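Peer 1: Let me give you the structure first, and then I'll get to my questions.
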Amino acid sequence: MEIKVGFELSYFAVNPTPMVTMLNIHPSRFADIVGTETVVAQANDSGADVPIGFYRDSFGNVCGRLTAPAGGVTFRGNALVRDSGQPDVVNPAAQQVPVDQLPDELLLYLMPSRYCETDKLTDLAWSLFGNTPPGWERVVAITDFVHNHVTFGYQHAHHMKSAHDVYEQGAGVCRDFAHLALTFCRCMNIPARYCTGYMGDIGVPRDPAPMDFSGWFQVYLSGQWYTFDARHNHPRIGRILMATGRDAADVALTTSFGRMDLTKFLVISDEVVPA
């Protein structure tokens, strides 16, 4: 199958403002892109192209670097992506890797990070999940708990909300579900990382709400990363990964070094149906 993805994001700024973006598809999906992915920036006032320089961050994500002109900037992106059409992989036989056998580069995914306070949640995690079999079954138990404990609602979104806050408040958006679940996984010595990307309504009833980028998480079991989604708690079709990191702080869509206001936000991710 093929999936059409894209976005249009507009920001207003009074003064020229340096920015870093993370709006490109992740390198792990480059081979699936049909033709070329397009990510461009244009000045709001003149419509002139704003140059973007691209680089890879320490997690391997593709980042853009630019200076938005006075008046602000609009980003537009689109791509056509091949996809297997298969749901997220389910492997109940996947085993937890002992900490002393983990590759060095994975140890940071056991550590606390800005939104994932393992120190505040370790005792709770062990009381909730300590009797579950380690490995796939334990991650499923964590995902089920978070799915049932947290109520989804855009009115609950807050950019400073941490995993501990999500547990205490019992409400949040997709990134909050992911933060709480992956923090519990880290508390149980399972490497876990945050993911962001496109996820359209493919194979499920269409959501009437405006489409957004989605947040989920991955865990490292039996030598590879597996995808879990505490918000939906069901294998989904057509995830298009954009970035991974310790938590949402590492994968912000845009970071501005000065005051900017978001004025337009449009995301698309739809299956292309053959004529």
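By order of appearance in the structure tokens: chains A, B, ..., then residues from 1 within every chain, and ligands from 1 in the order shown.
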May I have a table of the residues of range 191-238 of chain A lying at most 9 Å from range 144-155 of chain A, giving each one's closest pair of atoms and their distance in Å to one decimal, counting only C-alpha atoms, ordered by chain and ascending residue number, as a tab-separated table?

Peer 2:
residue	atom	partner	partner_atom	distance
A:Asp229	CA	A:His147	CA	8.7
A:Ala230	CA	A:His147	CA	5.1
A:Arg231	CA	A:His147	CA	5.5
A:His232	CA	A:His147	CA	7.4
A:Asn233	CA	A:His147	CA	6.6

Peer 1: Which residues in range 17-238 of chain A does DSSP call strand (DSSP E or B)? List them as a VMD selection string.

Peer 2: chain A and resid 17 to 21 33 to 43 49 53 to 56 62 to 68 73 to 82 87 113 116 151 to 152 171 to 172 192 to 199 214 to 221 224 to 228 237

Peer 1: Just the number, please: distance in Å from CA of Pro18 in chain A to CA of Gly35 in chain A, one decimal.

Peer 2: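 So the two atoms, CA of Pro18 in chain A and CA of Gly35 in chain A, lie 29.7 Å apart.
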
Peer 1: Write out as a list in words the residues lying within 9 Å of Cys195 in chain A, counting only C-alpha atoms and excluding same-chain residues fewer than 2 positions away.

Peer 2: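 Using only C-alpha atoms, the neighbours found are Arg175, Ala178, Arg193, Gly197, Ser214, Gly215, Trp216, Phe217, Gln218, Thr227, Leu241, Met242, Ala243, Thr244, Gly245, Arg246, Asp247, Ala248 and Val251 of chain A.
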
Peer 1: With all heavy atoms retained, write the just-selected residues as a short mmCIF file (atom, residue, chain, number, x, y, z; two decimals), in the first residue's frame.

Peer 2:
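Saved file selection-v3.cif follows:
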data_model
loop_
_atom_site.label_atom_id
_atom_site.label_comp_id
_atom_site.auth_asym_id
_atom_site.auth_seq_id
_atom_site.Cartn_x
_atom_site.Cartn_y
_atom_site.Cartn_z
N ARG A 175 1.12 11.82 23.77
CA ARG A 175 2.49 11.87 24.29
C ARG A 175 2.53 11.53 25.78
O ARG A 175 3.49 10.95 26.27
CB ARG A 175 3.13 13.24 24.03
CG ARG A 175 2.71 14.34 24.95
CD ARG A 175 3.49 15.62 24.69
NE ARG A 175 4.00 16.17 25.95
CZ ARG A 175 4.99 17.06 26.01
NH1 ARG A 175 5.57 17.48 24.91
NH2 ARG A 175 5.40 17.51 27.17
N ALA A 178 2.37 7.80 26.23
CA ALA A 178 3.68 7.23 25.92
C ALA A 178 4.68 7.49 27.04
O ALA A 178 5.44 6.59 27.43
CB ALA A 178 4.19 7.80 24.60
N ARG A 193 11.99 4.02 24.44
CA ARG A 193 12.21 5.34 23.85
C ARG A 193 10.91 5.90 23.28
O ARG A 193 9.97 5.16 22.95
CB ARG A 193 13.28 5.28 22.76
CG ARG A 193 12.92 4.45 21.54
CD ARG A 193 14.11 4.35 20.60
NE ARG A 193 13.78 3.61 19.37
CZ ARG A 193 14.65 3.30 18.42
NH1 ARG A 193 15.93 3.67 18.55
NH2 ARG A 193 14.28 2.63 17.33
N GLY A 197 5.46 10.64 14.92
CA GLY A 197 5.33 10.46 13.49
C GLY A 197 3.89 10.59 13.03
O GLY A 197 3.01 11.07 13.76
N SER A 214 1.39 11.94 15.85
CA SER A 214 1.09 11.00 16.93
C SER A 214 2.34 10.67 17.73
O SER A 214 3.46 10.74 17.21
CB SER A 214 0.49 9.71 16.36
OG SER A 214 0.03 8.86 17.39
N GLY A 215 2.16 10.31 18.99
CA GLY A 215 3.26 9.88 19.85
C GLY A 215 3.01 8.45 20.34
O GLY A 215 1.90 8.11 20.72
N TRP A 216 4.04 7.62 20.28
CA TRP A 216 3.97 6.26 20.82
C TRP A 216 5.32 5.92 21.42
O TRP A 216 6.15 6.81 21.62
CB TRP A 216 3.54 5.27 19.73
CG TRP A 216 4.43 5.17 18.52
CD1 TRP A 216 5.50 4.34 18.34
CD2 TRP A 216 4.30 5.91 17.29
NE1 TRP A 216 6.05 4.51 17.09
CE2 TRP A 216 5.34 5.47 16.42
CE3 TRP A 216 3.42 6.90 16.83
CZ2 TRP A 216 5.51 5.97 15.14
CZ3 TRP A 216 3.60 7.41 15.54
CH2 TRP A 216 4.62 6.95 14.72
N PHE A 217 5.58 4.64 21.74
CA PHE A 217 6.88 4.30 22.30
C PHE A 217 7.34 2.96 21.78
O PHE A 217 6.56 2.17 21.24
CB PHE A 217 6.85 4.33 23.83
CG PHE A 217 6.09 3.21 24.50
CD1 PHE A 217 6.76 2.15 25.12
CD2 PHE A 217 4.70 3.22 24.55
CE1 PHE A 217 6.07 1.13 25.76
CE2 PHE A 217 4.00 2.20 25.19
CZ PHE A 217 4.68 1.16 25.79
N GLN A 218 8.64 2.71 21.91
CA GLN A 218 9.23 1.44 21.53
C GLN A 218 10.03 0.88 22.70
O GLN A 218 10.61 1.65 23.49
CB GLN A 218 10.16 1.61 20.32
CG GLN A 218 9.44 2.00 19.04
CD GLN A 218 10.42 2.20 17.88
OE1 GLN A 218 11.60 2.44 18.09
NE2 GLN A 218 9.92 2.11 16.66
N THR A 227 7.20 -1.78 18.72
CA THR A 227 6.30 -0.64 18.89
C THR A 227 5.13 -0.98 19.79
O THR A 227 4.49 -2.03 19.63
CB THR A 227 5.77 -0.19 17.51
OG1 THR A 227 6.86 0.35 16.75
CG2 THR A 227 4.69 0.87 17.66
N LEU A 241 7.30 6.72 10.95
CA LEU A 241 8.16 7.30 11.99
C LEU A 241 8.87 8.54 11.49
O LEU A 241 9.39 8.58 10.36
CB LEU A 241 9.18 6.25 12.43
CG LEU A 241 10.12 6.64 13.57
CD1 LEU A 241 9.35 6.81 14.87
CD2 LEU A 241 11.21 5.58 13.73
N MET A 242 8.91 9.57 12.34
CA MET A 242 9.65 10.79 12.04
C MET A 242 10.89 10.94 12.93
O MET A 242 11.94 11.36 12.46
CB MET A 242 8.75 12.02 12.19
CG MET A 242 7.62 12.07 11.18
SD MET A 242 6.43 13.38 11.54
CE MET A 242 7.39 14.84 11.19
N ALA A 243 10.76 10.61 14.22
CA ALA A 243 11.89 10.83 15.13
C ALA A 243 11.74 9.98 16.38
O ALA A 243 10.64 9.63 16.80
CB ALA A 243 11.98 12.31 15.51
N THR A 244 12.89 9.66 16.99
CA THR A 244 12.92 8.96 18.27
C THR A 244 13.84 9.70 19.22
O THR A 244 14.75 10.42 18.80
CB THR A 244 13.42 7.51 18.12
OG1 THR A 244 14.81 7.52 17.77
CG2 THR A 244 12.64 6.75 17.07
N GLY A 245 13.61 9.50 20.53
CA GLY A 245 14.46 10.13 21.53
C GLY A 245 14.10 9.62 22.91
O GLY A 245 13.29 8.70 23.06
N ARG A 246 14.70 10.22 23.92
CA ARG A 246 14.41 9.78 25.28
C ARG A 246 12.98 10.11 25.68
O ARG A 246 12.32 9.36 26.38
CB ARG A 246 15.40 10.44 26.25
CG ARG A 246 16.84 9.97 26.09
CD ARG A 246 17.80 10.88 26.80
NE ARG A 246 17.73 12.25 26.25
CZ ARG A 246 18.48 13.26 26.66
NH1 ARG A 246 19.34 13.07 27.66
NH2 ARG A 246 18.37 14.45 26.10
N ASP A 247 12.51 11.28 25.26
CA ASP A 247 11.13 11.68 25.50
C ASP A 247 10.80 12.80 24.53
O ASP A 247 11.58 13.09 23.60
CB ASP A 247 10.89 12.09 26.96
CG ASP A 247 11.80 13.23 27.44
OD1 ASP A 247 12.18 14.08 26.60
OD2 ASP A 247 12.14 13.26 28.63
N ALA A 248 9.65 13.45 24.69
CA ALA A 248 9.20 14.44 23.73
C ALA A 248 10.13 15.64 23.61
O ALA A 248 10.15 16.33 22.59
CB ALA A 248 7.79 14.92 24.09
N VAL A 251 12.34 15.35 20.55
CA VAL A 251 11.75 15.22 19.22
C VAL A 251 10.76 16.33 18.90
O VAL A 251 9.79 16.13 18.17
CB VAL A 251 11.08 13.83 19.05
CG1 VAL A 251 12.11 12.73 19.22
CG2 VAL A 251 9.94 13.64 20.03
#

Peer 1: Using only C-alpha atoms, which residue out of A:Met188, A:Val204, A:Ala43, A:Ile25 lies closest to Thr118 in chain A?

Peer 2: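 Closest candidate: A:Met188.
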
Peer 1: Which residue out of A:Leu106, A:Ile240, A:Val5, A:Ile142 has the minimum interatomic distance to Ser84 in chain A when only C-alpha atoms are used?

Peer 2: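 Result for the nearest residue to Ser84 in chain A: A:Ile240.
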
Peer 1: Can you list, as number ranges by chain, every protein, DNA or RNA residue that comes within 7 Å of range 66-70 of chain A when you count only C-alpha atoms, leaving out same-chain residues fewer than 3 positions away?

Peer 2: A: 13-20, 43, 51-53, 73

Peer 1: With all heavy atoms retained, write the just-selected residues as a CSV table (one decimal), in the first residue's frame.

Peer 2:
chain,number,residue,atom,x,y,z
A,13,ALA,N,6.5,35.7,13.7
A,13,ALA,CA,7.5,36.2,14.5
A,13,ALA,C,7.7,37.7,14.2
A,13,ALA,O,7.7,38.0,13.0
A,13,ALA,CB,8.8,35.4,14.3
A,14,VAL,N,7.9,38.5,15.2
A,14,VAL,CA,8.2,39.9,15.0
A,14,VAL,C,9.6,40.1,14.4
A,14,VAL,O,9.7,40.9,13.4
A,14,VAL,CB,8.0,40.7,16.3
A,14,VAL,CG1,8.4,42.2,16.1
A,14,VAL,CG2,6.6,40.6,16.8
A,15,ASN,N,10.5,39.4,14.9
A,15,ASN,CA,11.9,39.6,14.5
A,15,ASN,C,12.5,38.3,13.8
A,15,ASN,O,11.9,37.2,14.0
A,15,ASN,CB,12.8,39.9,15.7
A,15,ASN,CG,12.3,41.1,16.5
A,15,ASN,OD1,12.2,42.2,15.9
A,15,ASN,ND2,12.1,41.0,17.8
A,16,PRO,N,13.5,38.4,13.1
A,16,PRO,CA,14.2,37.2,12.5
A,16,PRO,C,14.6,36.3,13.7
A,16,PRO,O,15.1,36.7,14.7
A,16,PRO,CB,15.5,37.8,11.9
A,16,PRO,CG,15.1,39.2,11.5
A,16,PRO,CD,14.2,39.7,12.6
A,17,THR,N,14.2,35.0,13.5
A,17,THR,CA,14.3,34.0,14.6
A,17,THR,C,15.0,32.7,14.2
A,17,THR,O,14.4,32.1,13.3
A,17,THR,CB,12.9,33.8,15.2
A,17,THR,OG1,12.3,35.0,15.6
A,17,THR,CG2,13.1,32.9,16.5
A,18,PRO,N,16.1,32.3,14.7
A,18,PRO,CA,16.7,31.0,14.4
A,18,PRO,C,15.7,29.9,14.8
A,18,PRO,O,15.1,30.0,15.9
A,18,PRO,CB,18.0,31.0,15.1
A,18,PRO,CG,18.3,32.5,15.4
A,18,PRO,CD,17.0,33.1,15.6
A,19,MET,N,15.7,28.8,14.1
A,19,MET,CA,14.9,27.7,14.4
A,19,MET,C,15.6,26.4,14.1
A,19,MET,O,16.4,26.3,13.2
A,19,MET,CB,13.6,27.7,13.6
A,19,MET,CG,12.7,28.9,13.8
A,19,MET,SD,11.1,28.8,12.8
A,19,MET,CE,10.2,27.5,13.7
A,20,VAL,N,15.2,25.3,14.8
A,20,VAL,CA,15.5,23.9,14.4
A,20,VAL,C,14.2,23.2,14.2
A,20,VAL,O,13.3,23.3,15.1
A,20,VAL,CB,16.4,23.3,15.5
A,20,VAL,CG1,16.6,21.8,15.3
A,20,VAL,CG2,17.8,24.0,15.6
A,43,ALA,N,8.7,32.5,3.5
A,43,ALA,CA,8.5,33.7,4.4
A,43,ALA,C,7.0,34.0,4.3
A,43,ALA,O,6.4,34.1,3.2
A,43,ALA,CB,9.3,34.9,3.9
A,51,PRO,N,16.0,29.3,3.1
A,51,PRO,CA,16.9,28.2,3.0
A,51,PRO,C,16.9,27.3,4.3
A,51,PRO,O,16.9,27.9,5.4
A,51,PRO,CB,18.3,28.8,2.8
A,51,PRO,CG,18.0,30.2,2.3
A,51,PRO,CD,16.7,30.6,2.9
A,52,ILE,N,16.9,26.0,4.2
A,52,ILE,CA,17.0,25.1,5.3
A,52,ILE,C,18.3,24.3,5.1
A,52,ILE,O,18.5,23.7,4.1
A,52,ILE,CB,15.8,24.2,5.4
A,52,ILE,CG1,14.5,25.0,5.5
A,52,ILE,CG2,15.9,23.3,6.7
A,52,ILE,CD1,13.2,24.1,5.4
A,53,GLY,N,19.1,24.2,6.2
A,53,GLY,CA,20.2,23.3,6.2
A,53,GLY,C,19.9,22.1,7.0
A,53,GLY,O,19.4,22.2,8.1
A,73,VAL,N,7.2,32.4,9.3
A,73,VAL,CA,7.5,31.4,8.2
A,73,VAL,C,6.4,30.3,8.2
A,73,VAL,O,5.8,30.0,9.2
A,73,VAL,CB,8.9,30.8,8.5
A,73,VAL,CG1,8.9,30.0,9.8
A,73,VAL,CG2,9.4,29.9,7.4

Peer 1: Nearest to Val97 in chain A among A:Phe7, A:Trp136, A:Phe213, A:Phe129, with distances taken over only C-alpha atoms: which residue is it?

Peer 2: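 When distances to Val97 in chain A are compared using only C-alpha atoms, the smallest one comes from A:Trp136.
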
Peer 1: Return as a list in words the full set of residues in range 80-131 of chain A whose backbone-based DSSP assignment is alpha helix (DSSP H).

Peer 2: Thr118, Asp119, Lys120, Leu121, Thr122, Asp123, Leu124, Ala125, Trp126, Ser127, Leu128 and Phe129 of chain A

Peer 1: Could you state the separation of CA of Pro87 in chain A and CA of Arg236 in chain A in Å, given to one decimal place?

Peer 2: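 Result for CA of Pro87 in chain A versus CA of Arg236 in chain A: 4.8 Å, one decimal.
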
Peer 1: Between A:Gly238, A:Arg206, A:Val34, A:His179, single out the one closest to Pro112 in chain A, counting only C-alpha atoms.

Peer 2: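 Of the candidates, the smallest distance to Pro112 in chain A is held by A:His179.
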
Peer 1: Which residue, A:Gln101, A:Thr263, A:Asn131, A:Gln96, has the smallest gap to Cys185 in chain A when you use only C-alpha atoms?

Peer 2: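 With only C-alpha atoms as the atom set, the closest residue is A:Gln96.
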
Peer 1: Contacts of Arg114 in chain A at 8 Å or less, counting only C-alpha atoms, minus same-chain residues fewer than 3 places along, as a short mmCIF file (atom, residue, chain, number, x, y, z; two decimals) with N, CA and C atoms, in the first residue's frame?

Peer 2:
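Just written: around_30.cif:
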data_model
loop_
_atom_site.label_atom_id
_atom_site.label_comp_id
_atom_site.auth_asym_id
_atom_site.auth_seq_id
_atom_site.Cartn_x
_atom_site.Cartn_y
_atom_site.Cartn_z
N GLU A 117 10.38 10.62 34.91
CA GLU A 117 11.08 10.60 36.20
C GLU A 117 11.01 9.20 36.80
N SER A 162 4.67 15.87 32.99
CA SER A 162 5.61 14.75 33.05
C SER A 162 4.86 13.44 33.26
N ASP A 247 12.51 11.28 25.26
CA ASP A 247 11.13 11.68 25.50
C ASP A 247 10.80 12.80 24.53
N ALA A 249 10.94 15.90 24.64
CA ALA A 249 11.88 17.02 24.57
C ALA A 249 12.91 16.82 23.47
#
